[in-house]
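As structure tokens, the structure follows; a few thoughts come after it.
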Amino acid sequence: MVDKKILLLGPAHPFRGGIADTQNYLAQNLKALGHQVTVYTFTTQYPNLLFPGKTQFSDEKAPIGIEIHRKIHSFNPINWFSIIKSINLLKPDYVIFRYWTPFLSPCWYSIARGLNKSITKIGLVDNWIPHETKPWDKILTSMFSKQMMGLATLSSTVGDQIEADQPQIPVWKGFHPIADHLPLPMEKEKARAELGWPKDKKIVLFFGLIRKYKGLDFLIKAFAESPLNQSDVMLAIVGEAYESQEKYIQLIHKLQLDQQVICDFNYADAQKASRVFCAADVIAQTYSSATQSGVTPLAYYYQTPLLVSNLPGLKAPIITDHTGKVTSIKPKEIAKNLHQMLNEDVLSGCKESLKRAQKKYSWESFAKAFLNFINDC
């Protein structure tokens with residue numbers, strides 16, 4: 001492909017979180033392929049009243065080699081006119097709109113509608129159907145899609161949802177790549193020593209922002225079920241709560257699991273994430289709703305086996321790559337499957353599969369396939 005001018009719109013540094021991180025990685029890898037890449041991120045992403053966490057911003061250093069400008073106010077229409085003017089002056093070949101919530105639809109729709117006809121407009125979609133739905137979601141999502149010339153995804157499940165809803169729009173069903181600038185893996189013993197975790201026990205990790213649909217309560221209840229309740233297996237919870245953390249603390253206390261559960265309700269940066277993934281024996285994703293997860297590629301990078309719930313977007317790579325086990329979200333079934341997974345032979349087999357699978361999910365291969373798609377739109 002001839003050198004192209006590409007503009008990415010969406011969260012990026014200094015915003016934190018998985019979507020911002022992947023936007024940074026995408027920009028770096030598109031640039032590495034020889035293209036001119038610019039990123040416009042937000043001045044204001046969410047109103048403070050609507051944001052459930054402690055902060056929207058990262059303490060980490062800005063990613064190397066990316067031109068990032070904070071320009072977009074997500075709910076100020078006056079700002080959108082200046083963005084349209086700025087983009088049309090920039091004259092990009094492609095504008096990539098990062099889409100994961102209907103909240104952004106009015107902003108993206110308005111900006112896309114005002115762009116010059118020569119610009120190819122592509123949506124990069126993380127979620128098509130929100131985890132927590134509202135009556136107006138479908139109208140807003142349809143409004144956004146009507147301005148796009150193609151829609152790309154990071155999972156085949158999201159791609160299937162789009163095709164069922166908007167069959168007239170070209171769709172590329174991608175995958176969630178494994179980050180290529182993460183802290184290097186470390187020995188389990190060292191990771192546990194730095195965290196102050198027990199050295200001689202099996203540890204199951206629940207990682208990431210805590211929201212109702214992620215099923216942490218099912219996982220906690222599983223530790224009160226046989227055979228986990230007859231073992232010394234521990235559960236580590238690491239992640240900021242986007243709902244009441246007290247309800248989980250009370251559940252742990254009610255089930256008398258205080259000595260079996262490590263609670264760290266704080267956002268984990270890349271350095272901390274590397275330690276907890278290396279320290280864990282299994283990553284548990286007992287979600288009740290999901291089309292993909294940024295936790296999965298982290299587990300692949302750190303070669304930590306996965307237990308995931310029986311959802312298409314979660315289980316597909318696990319089944320294909322033999323990197324873990326699939327479970328229902330009934331606590332008794334979770335307990336049984338975790339017990340089976342924690343067998344040393346099973347863990348060893350999963351780790352070997354993780355090593356073999358890593359190359360399939362590189363950012364370079366994602367960027368190349370993504371470019372081929374948008375070039376055809």
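Residues are named by chain letter and number: chains run A, B, ... in the order of the structure tokens, numbers start at 1 in each chain, and ligands are numbered from 1 in the order shown.
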Report as a Markdown table: every residue of range 300-367 of chain A with an atom at most 6 Å from range 279-283 of chain A, its closest pair of atoms, and their distance in Å to one decimal, counting only C-alpha atoms, with rows sorted by chain and ascending residue number.
```
| residue | atom | partner | partner_atom | distance |
| --- | --- | --- | --- | --- |
| A:Thr304 | CA | A:Val282 | CA | 5.9 |
| A:Pro305 | CA | A:Val282 | CA | 5.1 |
| A:Leu306 | CA | A:Ile283 | CA | 4.8 |
```
>> Please list as number ranges by chain every residue within 6 Å of range 308-315 of chain A, counting only C-alpha atoms and excluding residues in the same chain fewer than 6 positions away.
In response: A: 157, 285-287, 291-292, 326-328
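Using only C-alpha atoms, the protein and nucleic acid residues lying no more than 12 Å from Ser142 in chain A, apart from those fewer than 5 places from it along its own chain, are Pro102, Ser105, Pro106, Trp108, Tyr109, Trp128, Ile129, Trp136, Asp137, Gln147, Met148, Ile162, Asp165, Gln166, Pro167, Gln168 and Ile169 of chain A.
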With N, CA and C atoms kept, could you save the residues just selected as an mmCIF file, in the first residue's frame?
```
data_model
loop_
_atom_site.group_PDB
_atom_site.id
_atom_site.type_symbol
_atom_site.label_atom_id
_atom_site.label_comp_id
_atom_site.auth_asym_id
_atom_site.auth_seq_id
_atom_site.Cartn_x
_atom_site.Cartn_y
_atom_site.Cartn_z
ATOM 1 N N PRO A 102 -22.604 3.910 22.796
ATOM 2 C CA PRO A 102 -23.524 4.810 22.091
ATOM 3 C C PRO A 102 -23.432 6.261 22.554
ATOM 4 N N SER A 105 -21.947 8.408 19.932
ATOM 5 C CA SER A 105 -22.552 8.446 18.599
ATOM 6 C C SER A 105 -22.840 9.866 18.105
ATOM 7 N N PRO A 106 -23.459 10.752 18.894
ATOM 8 C CA PRO A 106 -23.709 12.111 18.380
ATOM 9 C C PRO A 106 -22.429 12.838 17.972
ATOM 10 N N TRP A 108 -19.370 11.435 17.064
ATOM 11 C CA TRP A 108 -18.765 10.834 15.875
ATOM 12 C C TRP A 108 -19.633 11.077 14.630
ATOM 13 N N TYR A 109 -20.962 10.972 14.782
ATOM 14 C CA TYR A 109 -21.869 11.210 13.650
ATOM 15 C C TYR A 109 -21.691 12.623 13.096
ATOM 16 N N TRP A 128 -20.511 -3.460 20.046
ATOM 17 C CA TRP A 128 -21.655 -3.050 19.230
ATOM 18 C C TRP A 128 -22.906 -2.996 20.092
ATOM 19 N N ILE A 129 -23.094 -4.000 20.914
ATOM 20 C CA ILE A 129 -24.208 -4.033 21.869
ATOM 21 C C ILE A 129 -23.625 -3.786 23.260
ATOM 22 N N TRP A 136 -32.367 3.517 23.986
ATOM 23 C CA TRP A 136 -31.974 4.319 22.822
ATOM 24 C C TRP A 136 -30.673 3.860 22.159
ATOM 25 N N ASP A 137 -30.066 2.808 22.681
ATOM 26 C CA ASP A 137 -28.757 2.368 22.165
ATOM 27 C C ASP A 137 -28.783 2.068 20.669
ATOM 28 N N GLN A 147 -22.762 6.754 8.881
ATOM 29 C CA GLN A 147 -21.721 7.654 8.389
ATOM 30 C C GLN A 147 -20.426 6.924 8.036
ATOM 31 N N MET A 148 -20.369 5.620 8.343
ATOM 32 C CA MET A 148 -19.140 4.859 8.129
ATOM 33 C C MET A 148 -19.155 4.125 6.783
ATOM 34 N N ILE A 162 -22.617 -6.961 14.128
ATOM 35 C CA ILE A 162 -22.759 -5.866 13.158
ATOM 36 C C ILE A 162 -23.406 -6.372 11.877
ATOM 37 N N ASP A 165 -27.034 -6.750 12.174
ATOM 38 C CA ASP A 165 -27.738 -5.488 12.382
ATOM 39 C C ASP A 165 -27.635 -4.554 11.175
ATOM 40 N N GLN A 166 -26.462 -4.538 10.524
ATOM 41 C CA GLN A 166 -26.201 -3.623 9.407
ATOM 42 C C GLN A 166 -25.577 -4.395 8.243
ATOM 43 N N PRO A 167 -26.332 -5.264 7.592
ATOM 44 C CA PRO A 167 -25.756 -6.148 6.558
ATOM 45 C C PRO A 167 -25.212 -5.412 5.341
ATOM 46 N N GLN A 168 -25.565 -4.151 5.167
ATOM 47 C CA GLN A 168 -25.116 -3.404 3.987
ATOM 48 C C GLN A 168 -23.710 -2.838 4.136
ATOM 49 N N ILE A 169 -23.143 -2.852 5.337
ATOM 50 C CA ILE A 169 -21.838 -2.228 5.584
ATOM 51 C C ILE A 169 -20.733 -3.282 5.546
#
```
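With CA of Leu251 in chain A on one side and CA of Asp217 in chain A on the other, the separation reads 7.8 Å.
Using only C-alpha atoms, the nearest neighbour of Phe97 in chain A within the list A:Lys121, A:Lys214, A:Lys368, A:Lys61 is A:Lys121.
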>> If we count only C-alpha atoms and set the cut-off at 9 Å, which residues sit around range 78-80 of chain A, ignoring sequence neighbours fewer than 6 positions away in its own chain? Please answer as a count of residues only.
In response: 6
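You will find CA of Ala335 in chain A at 8.7 Å from CA of Lys221 in chain A.
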